[in-house]
Structure formats: structure tokens, C-alpha cells
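Quick look at data_33.cif (mmCIF, C-alpha atoms):
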data_work
loop_
_atom_site.label_atom_id
_atom_site.label_comp_id
_atom_site.auth_asym_id
_atom_site.auth_seq_id
_atom_site.Cartn_x
_atom_site.Cartn_y
_atom_site.Cartn_z
CA MET A 830 13.76 17.15 -40.58
CA ALA A 831 11.14 15.54 -42.76
CA ALA A 832 11.45 15.77 -46.54
CA ARG A 833 9.47 18.76 -47.75
CA ASN A 834 6.51 18.08 -49.99
CA ASP A 835 6.78 21.01 -52.43
CA HIS A 836 4.60 19.83 -55.25
CA ASP A 837 1.39 21.34 -53.90
CA PRO A 838 1.25 23.41 -50.73
CA ASP A 839 -2.51 22.98 -50.45
CA ALA A 840 -2.74 19.35 -51.49
CA ASP A 841 -4.29 18.43 -48.17
CA ALA A 842 -7.12 20.90 -48.71
CA GLN A 843 -7.86 19.42 -52.15
CA GLY A 844 -7.18 15.81 -51.31
CA GLY A 845 -9.77 15.42 -48.61
CA GLY A 846 -10.16 15.97 -44.91
CA VAL A 847 -8.24 12.93 -43.70
CA GLN A 848 -4.83 14.36 -44.52
CA SER A 849 -5.77 17.71 -42.96
CA VAL A 850 -6.93 16.00 -39.78
CA ASP A 851 -3.73 13.97 -39.62
CA ARG A 852 -1.59 17.08 -40.08
CA ALA A 853 -3.59 19.04 -37.50
CA LEU A 854 -2.99 16.22 -35.01
CA GLN A 855 0.71 16.31 -35.86
CA ILE A 856 0.76 20.01 -35.00
CA LEU A 857 -0.90 19.34 -31.64
CA GLU A 858 1.59 16.57 -30.88
CA ILE A 859 4.53 18.85 -31.71
CA LEU A 860 3.19 21.58 -29.42
CA ALA A 861 2.49 19.04 -26.66
CA ARG A 862 6.07 17.79 -26.90
CA ASP A 863 7.91 21.09 -27.30
CA GLY A 864 5.71 23.47 -25.35
CA ASP A 865 5.64 26.02 -28.15
CA ALA A 866 6.77 26.34 -31.76
CA GLY A 867 6.59 28.74 -34.67
CA VAL A 868 5.06 28.09 -38.08
CA SER A 869 8.48 27.65 -39.72
CA GLU A 870 9.63 25.13 -37.11
CA ILE A 871 6.45 23.12 -37.43
CA ALA A 872 6.58 23.20 -41.23
CA ASP A 873 10.22 22.05 -41.23
CA GLU A 874 9.48 19.11 -38.95
CA MET A 875 6.39 18.05 -40.88
CA GLY A 876 7.96 18.60 -44.29
CA VAL A 877 5.18 20.82 -45.58
CA HIS A 878 4.86 24.43 -46.67
CA LYS A 879 4.39 27.19 -44.14
CA SER A 880 1.12 28.12 -45.84
CA THR A 881 -0.28 24.67 -45.00
CA VAL A 882 0.73 24.99 -41.37
CA SER A 883 -0.64 28.54 -41.15
CA ARG A 884 -3.99 27.43 -42.48
CA LEU A 885 -4.24 24.49 -40.10
CA VAL A 886 -3.09 26.57 -37.14
CA GLY A 887 -5.77 29.09 -38.02
CA SER A 888 -8.42 26.40 -37.75
CA LEU A 889 -7.01 25.20 -34.44
CA LEU A 890 -6.97 28.77 -33.14
CA GLY A 891 -10.64 29.11 -34.01
CA ARG A 892 -11.40 26.07 -31.85
CA GLU A 893 -9.13 27.34 -29.04
CA LEU A 894 -7.07 24.18 -29.37
CA VAL A 895 -3.96 26.34 -29.80
CA ARG A 896 -3.15 29.92 -28.82
CA GLN A 897 -0.45 32.35 -29.79
CA ASN A 898 2.06 33.60 -27.27
CA SER A 899 1.79 37.38 -27.51
CA GLU A 900 5.42 37.91 -26.49
CA ARG A 901 7.18 35.35 -28.67
CA GLY A 902 4.65 34.92 -31.44
CA LYS A 903 4.90 31.14 -31.17
CA TYR A 904 2.00 28.79 -30.75
CA GLN A 905 1.07 26.74 -27.70
CA LEU A 906 -1.70 24.33 -26.81
CA GLY A 907 -4.86 26.23 -25.93
CA PHE A 908 -7.51 25.92 -23.29
CA GLY A 909 -9.76 24.03 -25.71
CA ILE A 910 -7.52 21.01 -25.09
CA LEU A 911 -8.31 21.19 -21.37
CA ARG A 912 -12.01 21.47 -22.14
CA LEU A 913 -11.87 18.26 -24.16
CA ALA A 914 -9.58 16.43 -21.77
CA SER A 915 -11.58 17.32 -18.66
CA SER A 916 -14.53 15.30 -19.92
CA ILE A 917 -12.54 12.09 -20.14
CA PRO A 918 -11.46 11.09 -16.58
CA GLY A 919 -14.98 11.13 -15.16
CA ARG A 920 -16.11 8.72 -17.86
CA LEU A 921 -13.32 6.25 -17.34
CA SER A 922 -14.06 3.46 -14.91
CA VAL A 923 -10.97 1.76 -13.57
CA VAL A 924 -13.02 -1.42 -13.09
CA ARG A 925 -14.16 -1.44 -16.70
CA GLU A 926 -10.77 -0.52 -18.08
CA ALA A 927 -8.92 -3.07 -15.93
CA ARG A 928 -11.18 -6.07 -16.50
CA GLU A 929 -9.44 -7.55 -19.53
CA VAL A 930 -6.02 -7.14 -17.92
CA LEU A 931 -7.17 -8.83 -14.70
CA GLU A 932 -8.47 -11.82 -16.65
CA SER A 933 -5.20 -12.03 -18.57
CA LEU A 934 -3.12 -11.97 -15.37
CA ALA A 935 -5.27 -14.65 -13.74
CA GLY A 936 -4.93 -16.86 -16.80
CA GLN A 937 -1.18 -16.32 -17.10
CA TYR A 938 -0.20 -16.79 -13.45
CA LYS A 939 -3.03 -19.17 -12.43
CA GLU A 940 -3.77 -17.29 -9.20
CA THR A 941 -6.32 -14.81 -7.85
CA VAL A 942 -6.05 -11.24 -9.13
CA ASN A 943 -7.70 -8.33 -7.32
CA LEU A 944 -8.24 -4.66 -8.09
CA ALA A 945 -8.40 -2.41 -5.02
CA VAL A 946 -8.98 1.29 -4.35
CA LEU A 947 -8.69 3.46 -1.27
CA ARG A 948 -11.99 4.10 0.49
CA SER A 949 -11.95 5.96 3.79
CA ASN A 950 -9.48 4.04 5.96
CA PHE A 951 -9.38 0.79 4.01
CA ALA A 952 -8.44 -0.84 0.73
CA VAL A 953 -11.64 -2.07 -0.87
CA ASN A 954 -11.53 -4.74 -3.56
CA VAL A 955 -13.66 -3.64 -6.50
CA ASP A 956 -13.01 -6.48 -8.94
CA GLN A 957 -11.49 -9.94 -9.01
CA ALA A 958 -10.39 -12.57 -11.52
CA MET A 959 -9.84 -16.17 -10.48
CA GLY A 960 -6.99 -18.24 -11.86
CA PRO A 961 -7.33 -21.95 -12.63
CA SER A 962 -5.00 -22.91 -9.76
CA THR A 963 -7.00 -21.02 -7.14
CA LEU A 964 -7.67 -23.31 -4.17
CA ALA A 965 -10.59 -21.36 -2.72
CA THR A 966 -13.42 -19.47 -4.35
CA TYR A 967 -13.74 -16.64 -1.81
CA ASP A 968 -15.11 -13.52 -3.45
CA TRP A 969 -13.10 -10.52 -2.25
CA VAL A 970 -15.16 -7.97 -4.19
CA GLY A 971 -16.55 -5.41 -1.76
CA SER A 972 -14.30 -6.56 1.06
CA LEU A 973 -12.62 -3.88 3.17
CA THR A 974 -9.05 -4.88 3.97
CA PRO A 975 -6.53 -3.16 6.26
CA LEU A 976 -4.08 -0.89 4.50
CA HIS A 977 -1.09 -1.84 6.64
CA ALA A 978 -1.46 -5.62 6.27
CA THR A 979 -2.15 -6.11 2.55
CA SER A 980 -0.06 -5.65 -0.57
CA SER A 981 -2.64 -3.40 -2.23
CA GLY A 982 -3.06 -1.43 0.97
CA LYS A 983 0.66 -0.81 1.25
CA VAL A 984 0.83 0.38 -2.36
CA LEU A 985 -2.03 2.81 -1.68
CA LEU A 986 -0.53 3.95 1.64
CA ALA A 987 2.91 4.51 0.11
CA ALA A 988 1.40 6.89 -2.46
CA LEU A 989 -0.32 9.12 0.11
CA PRO A 990 1.14 12.40 1.35
CA THR A 991 2.75 11.91 4.75
CA ASP A 992 0.15 13.96 6.64
CA GLU A 993 -2.75 12.09 5.05
CA ARG A 994 -1.16 8.73 5.78
CA ASP A 995 -0.49 9.83 9.36
CA THR A 996 -4.13 10.82 9.85
CA ILE A 997 -5.39 7.45 8.61
CA LEU A 998 -2.97 5.35 10.63
CA LYS A 999 -3.64 7.30 13.81
CA ARG A 1000 -7.34 6.75 13.29
CA VAL A 1001 -7.24 3.00 12.64
CA GLY A 1002 -4.00 1.98 14.33
CA LEU A 1003 -1.95 -1.04 13.31
CA PRO A 1004 -3.89 -4.01 14.66
CA ALA A 1005 -2.32 -7.43 14.24
CA ARG A 1006 -4.15 -9.71 11.83
CA THR A 1007 -1.57 -12.49 12.20
CA PRO A 1008 1.70 -12.86 14.10
CA ARG A 1009 3.46 -11.55 10.97
CA THR A 1010 1.52 -8.28 10.70
CA ILE A 1011 3.70 -5.20 11.07
CA THR A 1012 2.41 -3.28 14.09
CA ASN A 1013 5.34 -0.91 14.60
CA ARG A 1014 4.88 2.46 12.87
CA ALA A 1015 8.58 3.09 12.24
CA GLU A 1016 8.99 -0.35 10.68
CA LEU A 1017 5.94 0.20 8.49
CA GLU A 1018 7.17 3.61 7.32
CA LYS A 1019 10.52 2.08 6.36
CA GLN A 1020 8.73 -0.58 4.35
CA LEU A 1021 6.51 2.00 2.64
CA LEU A 1022 9.61 3.90 1.52
CA ASP A 1023 10.82 0.67 -0.09
CA VAL A 1024 7.42 0.16 -1.73
CA ALA A 1025 7.49 3.65 -3.22
CA ARG A 1026 11.07 3.17 -4.42
CA GLN A 1027 10.70 -0.28 -5.97
CA GLY A 1028 7.16 0.16 -7.28
CA TYR A 1029 5.56 -2.91 -5.71
CA ALA A 1030 4.63 -4.40 -2.34
CA VAL A 1031 4.80 -8.01 -1.16
CA VAL A 1032 3.16 -9.37 2.00
CA HIS A 1033 3.80 -12.80 3.47
CA GLU A 1034 0.95 -13.98 5.68
CA GLU A 1035 0.44 -10.54 7.23
CA PHE A 1036 -3.29 -10.44 6.49
CA GLU A 1037 -4.08 -14.14 6.58
CA ILE A 1038 -1.96 -17.14 7.51
CA GLY A 1039 -1.06 -19.11 4.40
CA LEU A 1040 -1.65 -16.19 2.00
CA THR A 1041 1.04 -14.31 0.06
CA ALA A 1042 0.33 -11.38 -2.24
CA VAL A 1043 2.12 -8.84 -4.42
CA ALA A 1044 0.65 -5.57 -5.72
CA VAL A 1045 1.60 -2.67 -7.98
CA PRO A 1046 0.05 0.79 -8.42
CA ILE A 1047 -2.31 2.05 -11.12
CA TYR A 1048 -2.00 5.72 -12.11
CA ASN A 1049 -4.43 8.21 -13.58
CA HIS A 1050 -3.85 10.86 -16.24
CA LEU A 1051 -2.24 13.15 -13.64
CA GLY A 1052 0.23 10.51 -12.48
CA ASN A 1053 -1.57 9.94 -9.17
CA VAL A 1054 -2.04 6.45 -7.75
CA ILE A 1055 -5.76 5.65 -7.94
CA ALA A 1056 -5.79 1.88 -7.44
CA ALA A 1057 -3.66 -1.22 -7.00
CA VAL A 1058 -3.69 -4.54 -8.78
CA SER A 1059 -2.53 -7.62 -6.89
CA ILE A 1060 -1.88 -11.31 -7.37
CA SER A 1061 -2.29 -13.58 -4.36
CA GLY A 1062 -1.83 -17.27 -3.74
CA PRO A 1063 -1.03 -19.92 -1.15
CA ALA A 1064 2.24 -19.22 0.64
CA PHE A 1065 3.47 -22.77 0.07
CA ARG A 1066 3.65 -22.26 -3.69
CA PHE A 1067 3.34 -18.55 -4.39
CA ARG A 1068 6.71 -16.85 -3.96
CA PRO A 1069 6.72 -13.68 -6.08
CA GLU A 1070 10.13 -12.45 -4.92
CA GLU A 1071 11.66 -15.62 -6.36
CA ASP A 1072 10.02 -14.93 -9.72
CA PRO A 1073 11.24 -11.60 -11.16
CA GLY A 1074 9.28 -12.30 -14.31
CA LEU A 1075 6.03 -12.33 -12.33
CA ILE A 1076 6.74 -8.98 -10.68
CA GLU A 1077 7.75 -7.48 -14.00
CA GLY A 1078 4.64 -8.90 -15.65
CA LEU A 1079 2.47 -7.43 -12.90
CA ARG A 1080 4.20 -4.07 -13.31
CA ASP A 1081 3.50 -4.15 -17.05
CA ALA A 1082 -0.14 -4.98 -16.35
CA GLY A 1083 -0.40 -2.05 -13.93
CA LEU A 1084 1.02 0.27 -16.56
CA ALA A 1085 -1.34 -1.15 -19.18
CA ILE A 1086 -4.34 -0.31 -16.99
CA SER A 1087 -2.81 3.07 -16.18
CA ALA A 1088 -2.47 3.84 -19.88
CA LYS A 1089 -6.18 3.14 -20.30
CA MET A 1090 -6.79 5.70 -17.55
CA GLY A 1091 -4.80 8.30 -19.47
CA TYR A 1092 -1.41 7.87 -17.80
CA ARG A 1093 1.70 8.48 -19.88
CA ARG A 1094 5.17 7.63 -18.60
CA ARG A 1095 7.58 10.57 -18.66
#
How would this structure read if it were set down as C-alpha cells?
Amino acid sequence: MAARNDHDPDADAQGGGVQSVDRALQILEILARDGDAGVSEIADEMGVHKSTVSRLVGSLLGRELVRQNSERGKYQLGFGILRLASSIPGRLSVVREAREVLESLAGQYKETVNLAVLRSNFAVNVDQAMGPSTLATYDWVGSLTPLHATSSGKVLLAALPTDERDTILKRVGLPARTPRTITNRAELEKQLLDVARQGYAVVHEEFEIGLTAVAVPIYNHLGNVIAAVSISGPAFRFRPEEDPGLIEGLRDAGLAISAKMGYRRR
């Protein structure tokens, strides 16, 4: 419990709006965390008088940011929160939000970094950052790549509901891109279970001979996978499974982009 500030129950009203705004946000955070709470509980946690909390809750009620449970008399987040939140996802561009992270990854690991999303039956690369060690300058942006033969594709496939994944794979099949491409459905499904469990996918020359890649998912505010970020490099030098720090760094980067898209780990 926070130490109670008893010297002036309405000090925030007299001392300017900043303190009131801060305390109102504290109330919203408490309700978001606990689900519901009464005035006394909130006041105890914040270390302020109940009259201060009542006044702030009244303002939040007026904006529909909180509502009162008619049965228990406690307060909960209101539909005004949804109204505000619903305007955010449509304005967030994963390409814009990911750009700085992609550049950082390319600089740190010296290889090519790609951002891919699911479009129809393919993984399409929507942005790319080139590392200083990159041997070629091929621009993958706009390229449609097979889901079953790429690291980003496998991350996106692994996140799909089984029936949706089944529909896509029946439509496009599992054509071999190289002798190492997985063309057996049962083998692919087993690998996708591993991808979902471990949180990353690695492919060794399945899409292109001499190319190795590793990818991790990017989540939105609902916790759904909306994209994948990958690092790829020549097979002779790029061995992500032998570098746990690289995989962990890529995971952190994926979570950093996800946080920009509103994702919060639970």
C-alpha cells in the first residue's frame, strides 16, 4: 500500500491538471490490471483520499472511460476505452513501425533482414534492410515467396488455424524449390508444431541453394501474428542455430516491433 497523502485531499485539483491526469491514468491502470476495484481499494493503493478518487472516477465516468458494476458497485473500464483503442490499429503501419528495428538488426548481424506478411497464398516481403556483409544486393521487397519453403512463411503458416492452413496448402501444394524443400505434408506439419512451440523457424537451403534464414513472429495488439521478421545469409557462414545469441536477439527485435503494434506480453 502506498503512503497516504493526508495533508490535502484536493491538492491535485488546486495544484494543476498534471497531477490529476497522472492520477486518472493510475486509476485506469489499476482497473486494467485488476478487472474491477472500489473507491477504497483504489485510494489505498494510490495513497490518496477517497474523495480524490471519487472525483476523478466521476470525470472518467462522464467520458465513459470507466463504468460502475451495478451488482457489486465496483468500477471497471468502460466502452470509451474501446472507442479510443479502436482508432489505433488501423493507423499503425507495421512497415513504418518496424523500420528502425530492421536497420538495427542488419547493422548488428551484418546480414539481410526482411519483413514479410501473409498475402493470399504467399509470404510477401514488404521491407528490407541490407547488412554490410551482404554478398548480393537483390531487393526482396514485393517478392512473393512460398510459405512452406521460407523461414518467414513457416512462421506465418504455424500461426494459422489448422483449417485455414489446410486450405492454403491444398491450393498451392508443396512444390520443391530445391532438393532440401520439405514436400511431405506430415513432415511439414511436424516442423510447424516445433516452430509454434519454440517461437522461430530456420530453413537451410529450402528456398534457394546457398541461402539460410531464420524468422520470428510479430504480433498485434490482440496477440495475433501479423508479420514475420527474418535474417538471411549465405549458408557457408550463416548458422543461426549455432548462435543462440542471434536467435534471442531476433526474438527481442520481433517483440520490440510487436510492442509498437500494441502487443503486450502476458
message: As a check of understanding, name the residues that the PyMOL selection byres ((chain A and resi 956) around 12) selects in the supplied structure, as a PyMOL selection string.
response: chain A and resi 922-932+941-946+953-955+957-959+968-972+1056-1059
So that I have them on file, write out the residues from the current selection with C-alpha atoms, as a PDB file, in the coordinates of the input.
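Saved to again35.pdb:
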ATOM      1  CA  SER A 922     -14.060   3.460 -14.910  1.00  0.00           C
ATOM      2  CA  VAL A 923     -10.970   1.760 -13.570  1.00  0.00           C
ATOM      3  CA  VAL A 924     -13.020  -1.420 -13.090  1.00  0.00           C
ATOM      4  CA  ARG A 925     -14.160  -1.440 -16.700  1.00  0.00           C
ATOM      5  CA  GLU A 926     -10.770  -0.520 -18.080  1.00  0.00           C
ATOM      6  CA  ALA A 927      -8.920  -3.070 -15.930  1.00  0.00           C
ATOM      7  CA  ARG A 928     -11.180  -6.070 -16.500  1.00  0.00           C
ATOM      8  CA  GLU A 929      -9.440  -7.550 -19.530  1.00  0.00           C
ATOM      9  CA  VAL A 930      -6.020  -7.140 -17.920  1.00  0.00           C
ATOM     10  CA  LEU A 931      -7.170  -8.830 -14.700  1.00  0.00           C
ATOM     11  CA  GLU A 932      -8.470 -11.820 -16.650  1.00  0.00           C
ATOM     12  CA  THR A 941      -6.320 -14.810  -7.850  1.00  0.00           C
ATOM     13  CA  VAL A 942      -6.050 -11.240  -9.130  1.00  0.00           C
ATOM     14  CA  ASN A 943      -7.700  -8.330  -7.320  1.00  0.00           C
ATOM     15  CA  LEU A 944      -8.240  -4.660  -8.090  1.00  0.00           C
ATOM     16  CA  ALA A 945      -8.400  -2.410  -5.020  1.00  0.00           C
ATOM     17  CA  VAL A 946      -8.980   1.290  -4.350  1.00  0.00           C
ATOM     18  CA  VAL A 953     -11.640  -2.070  -0.870  1.00  0.00           C
ATOM     19  CA  ASN A 954     -11.530  -4.740  -3.560  1.00  0.00           C
ATOM     20  CA  VAL A 955     -13.660  -3.640  -6.500  1.00  0.00           C
ATOM     21  CA  GLN A 957     -11.490  -9.940  -9.010  1.00  0.00           C
ATOM     22  CA  ALA A 958     -10.390 -12.570 -11.520  1.00  0.00           C
ATOM     23  CA  MET A 959      -9.840 -16.170 -10.480  1.00  0.00           C
ATOM     24  CA  ASP A 968     -15.110 -13.520  -3.450  1.00  0.00           C
ATOM     25  CA  TRP A 969     -13.100 -10.520  -2.250  1.00  0.00           C
ATOM     26  CA  VAL A 970     -15.160  -7.970  -4.190  1.00  0.00           C
ATOM     27  CA  GLY A 971     -16.550  -5.410  -1.760  1.00  0.00           C
ATOM     28  CA  SER A 972     -14.300  -6.560   1.060  1.00  0.00           C
ATOM     29  CA  ALA A1056      -5.790   1.880  -7.440  1.00  0.00           C
ATOM     30  CA  ALA A1057      -3.660  -1.220  -7.000  1.00  0.00           C
ATOM     31  CA  VAL A1058      -3.690  -4.540  -8.780  1.00  0.00           C
ATOM     32  CA  SER A1059      -2.530  -7.620  -6.890  1.00  0.00           C
TER      33      SER A1059
END
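The coordinates place atom CA of A:Leu1051 at 19.9 Å from atom CA of A:Arg994.
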task: Please measure the separation of atom CA of A:Gly1091 and atom CA of A:Lys983, giving the value in Å to one decimal.
output: 23.3 Å
Explicit residue set for the PyMOL selection byres ((chain A and resi 865) around 7), as JSON, numbers by chain: {"A": [860, 863, 864, 866, 903, 904, 905]}
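For the structure shown here, the set of residues caught by the PyMOL selection byres ((chain A and resi 885-893) around 8) is A:Ser849, A:Arg852, A:Ala853, A:Ile856, A:Thr881, A:Val882, A:Ser883, A:Arg884, A:Leu894, A:Val895, A:Arg896, A:Gly907, A:Phe908, A:Gly909, A:Ile910.
Closest approach to A:Asp1023 from the set A:Val1054, A:Val1001, A:Leu986, A:Ile1047 is made by A:Leu986, with distances taken over only C-alpha atoms.
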message: Applying 10 Å and only C-alpha atoms, which residues near A:Ala1082 remain after dropping the ones on its own chain fewer than 3 positions away? List them as a list in words.
response: Ala927, Val930, Leu931, Ser933, Leu934, Val1045, Pro1046, Ile1047, Val1058, Ile1076, Glu1077, Gly1078, Leu1079, Ala1085, Ile1086, Ser1087 and Ala1088 of chain A
Keeping only C-alpha atoms, write the selected residues to a file as a PDB file, in the coordinates of the input.
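What ended up in again_34.pdb:
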ATOM      1  CA  ALA A 927      -8.920  -3.070 -15.930  1.00  0.00           C
ATOM      2  CA  VAL A 930      -6.020  -7.140 -17.920  1.00  0.00           C
ATOM      3  CA  LEU A 931      -7.170  -8.830 -14.700  1.00  0.00           C
ATOM      4  CA  SER A 933      -5.200 -12.030 -18.570  1.00  0.00           C
ATOM      5  CA  LEU A 934      -3.120 -11.970 -15.370  1.00  0.00           C
ATOM      6  CA  VAL A1045       1.600  -2.670  -7.980  1.00  0.00           C
ATOM      7  CA  PRO A1046       0.050   0.790  -8.420  1.00  0.00           C
ATOM      8  CA  ILE A1047      -2.310   2.050 -11.120  1.00  0.00           C
ATOM      9  CA  VAL A1058      -3.690  -4.540  -8.780  1.00  0.00           C
ATOM     10  CA  ILE A1076       6.740  -8.980 -10.680  1.00  0.00           C
ATOM     11  CA  GLU A1077       7.750  -7.480 -14.000  1.00  0.00           C
ATOM     12  CA  GLY A1078       4.640  -8.900 -15.650  1.00  0.00           C
ATOM     13  CA  LEU A1079       2.470  -7.430 -12.900  1.00  0.00           C
ATOM     14  CA  ALA A1085      -1.340  -1.150 -19.180  1.00  0.00           C
ATOM     15  CA  ILE A1086      -4.340  -0.310 -16.990  1.00  0.00           C
ATOM     16  CA  SER A1087      -2.810   3.070 -16.180  1.00  0.00           C
ATOM     17  CA  ALA A1088      -2.470   3.840 -19.880  1.00  0.00           C
TER      18      ALA A1088
END
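Atom CA of A:Glu1070 is found 28.5 Å from atom CA of A:Asp995.
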- line: Counting all atoms listed in the file, the residue among A:Tyr1048, A:Ala988, A:Glu1037, A:Tyr938 that lies closest to A:Pro1069 is A:Tyr938
task: Name all residues at most 12 Å from A:Glu940 (count only C-alpha atoms; drop same-chain ones fewer than 5 positions away) and give them as a count of residues only.
output: 30
task: Could you give me, as a ChimeraX atom specification, the residues within 12 Å of A:Arg1000, counting all atoms listed in the file and dropping anything in the same chain fewer than 4 positions from it?
output: /A:949-951,993-996,1004
task: Choose the residue, out of A:Thr991, A:Gln937, A:Ser869, A:Thr979, that has the smallest atom-to-atom separation from A:Leu1003; count all atoms listed in the file.
output: A:Thr979
- request: Can you pull out every residue within 12 Å of A:Thr1012, counting only C-alpha atoms, but drop anything in the same chain fewer than 3 positions away, and send it as a list in words?
  value: Pro975, Leu976, His977, Ala978, Leu998, Val1001, Gly1002, Leu1003, Pro1004, Ala1005, Arg1006, Thr1007, Pro1008, Arg1009, Ala1015, Glu1016, Leu1017, Glu1018, Gln1020, Glu1035 and Phe1036 of chain A
Save the residues we just selected, C-alpha atoms, as a PDB file, in the frame of the given file?
ATOM      1  CA  PRO A 975      -6.530  -3.160   6.260  1.00  0.00           C
ATOM      2  CA  LEU A 976      -4.080  -0.890   4.500  1.00  0.00           C
ATOM      3  CA  HIS A 977      -1.090  -1.840   6.640  1.00  0.00           C
ATOM      4  CA  ALA A 978      -1.460  -5.620   6.270  1.00  0.00           C
ATOM      5  CA  LEU A 998      -2.970   5.350  10.630  1.00  0.00           C
ATOM      6  CA  VAL A1001      -7.240   3.000  12.640  1.00  0.00           C
ATOM      7  CA  GLY A1002      -4.000   1.980  14.330  1.00  0.00           C
ATOM      8  CA  LEU A1003      -1.950  -1.040  13.310  1.00  0.00           C
ATOM      9  CA  PRO A1004      -3.890  -4.010  14.660  1.00  0.00           C
ATOM     10  CA  ALA A1005      -2.320  -7.430  14.240  1.00  0.00           C
ATOM     11  CA  ARG A1006      -4.150  -9.710  11.830  1.00  0.00           C
ATOM     12  CA  THR A1007      -1.570 -12.490  12.200  1.00  0.00           C
ATOM     13  CA  PRO A1008       1.700 -12.860  14.100  1.00  0.00           C
ATOM     14  CA  ARG A1009       3.460 -11.550  10.970  1.00  0.00           C
ATOM     15  CA  ALA A1015       8.580   3.090  12.240  1.00  0.00           C
ATOM     16  CA  GLU A1016       8.990  -0.350  10.680  1.00  0.00           C
ATOM     17  CA  LEU A1017       5.940   0.200   8.490  1.00  0.00           C
ATOM     18  CA  GLU A1018       7.170   3.610   7.320  1.00  0.00           C
ATOM     19  CA  GLN A1020       8.730  -0.580   4.350  1.00  0.00           C
ATOM     20  CA  GLU A1035       0.440 -10.540   7.230  1.00  0.00           C
ATOM     21  CA  PHE A1036      -3.290 -10.440   6.490  1.00  0.00           C
TER      22      PHE A1036
END
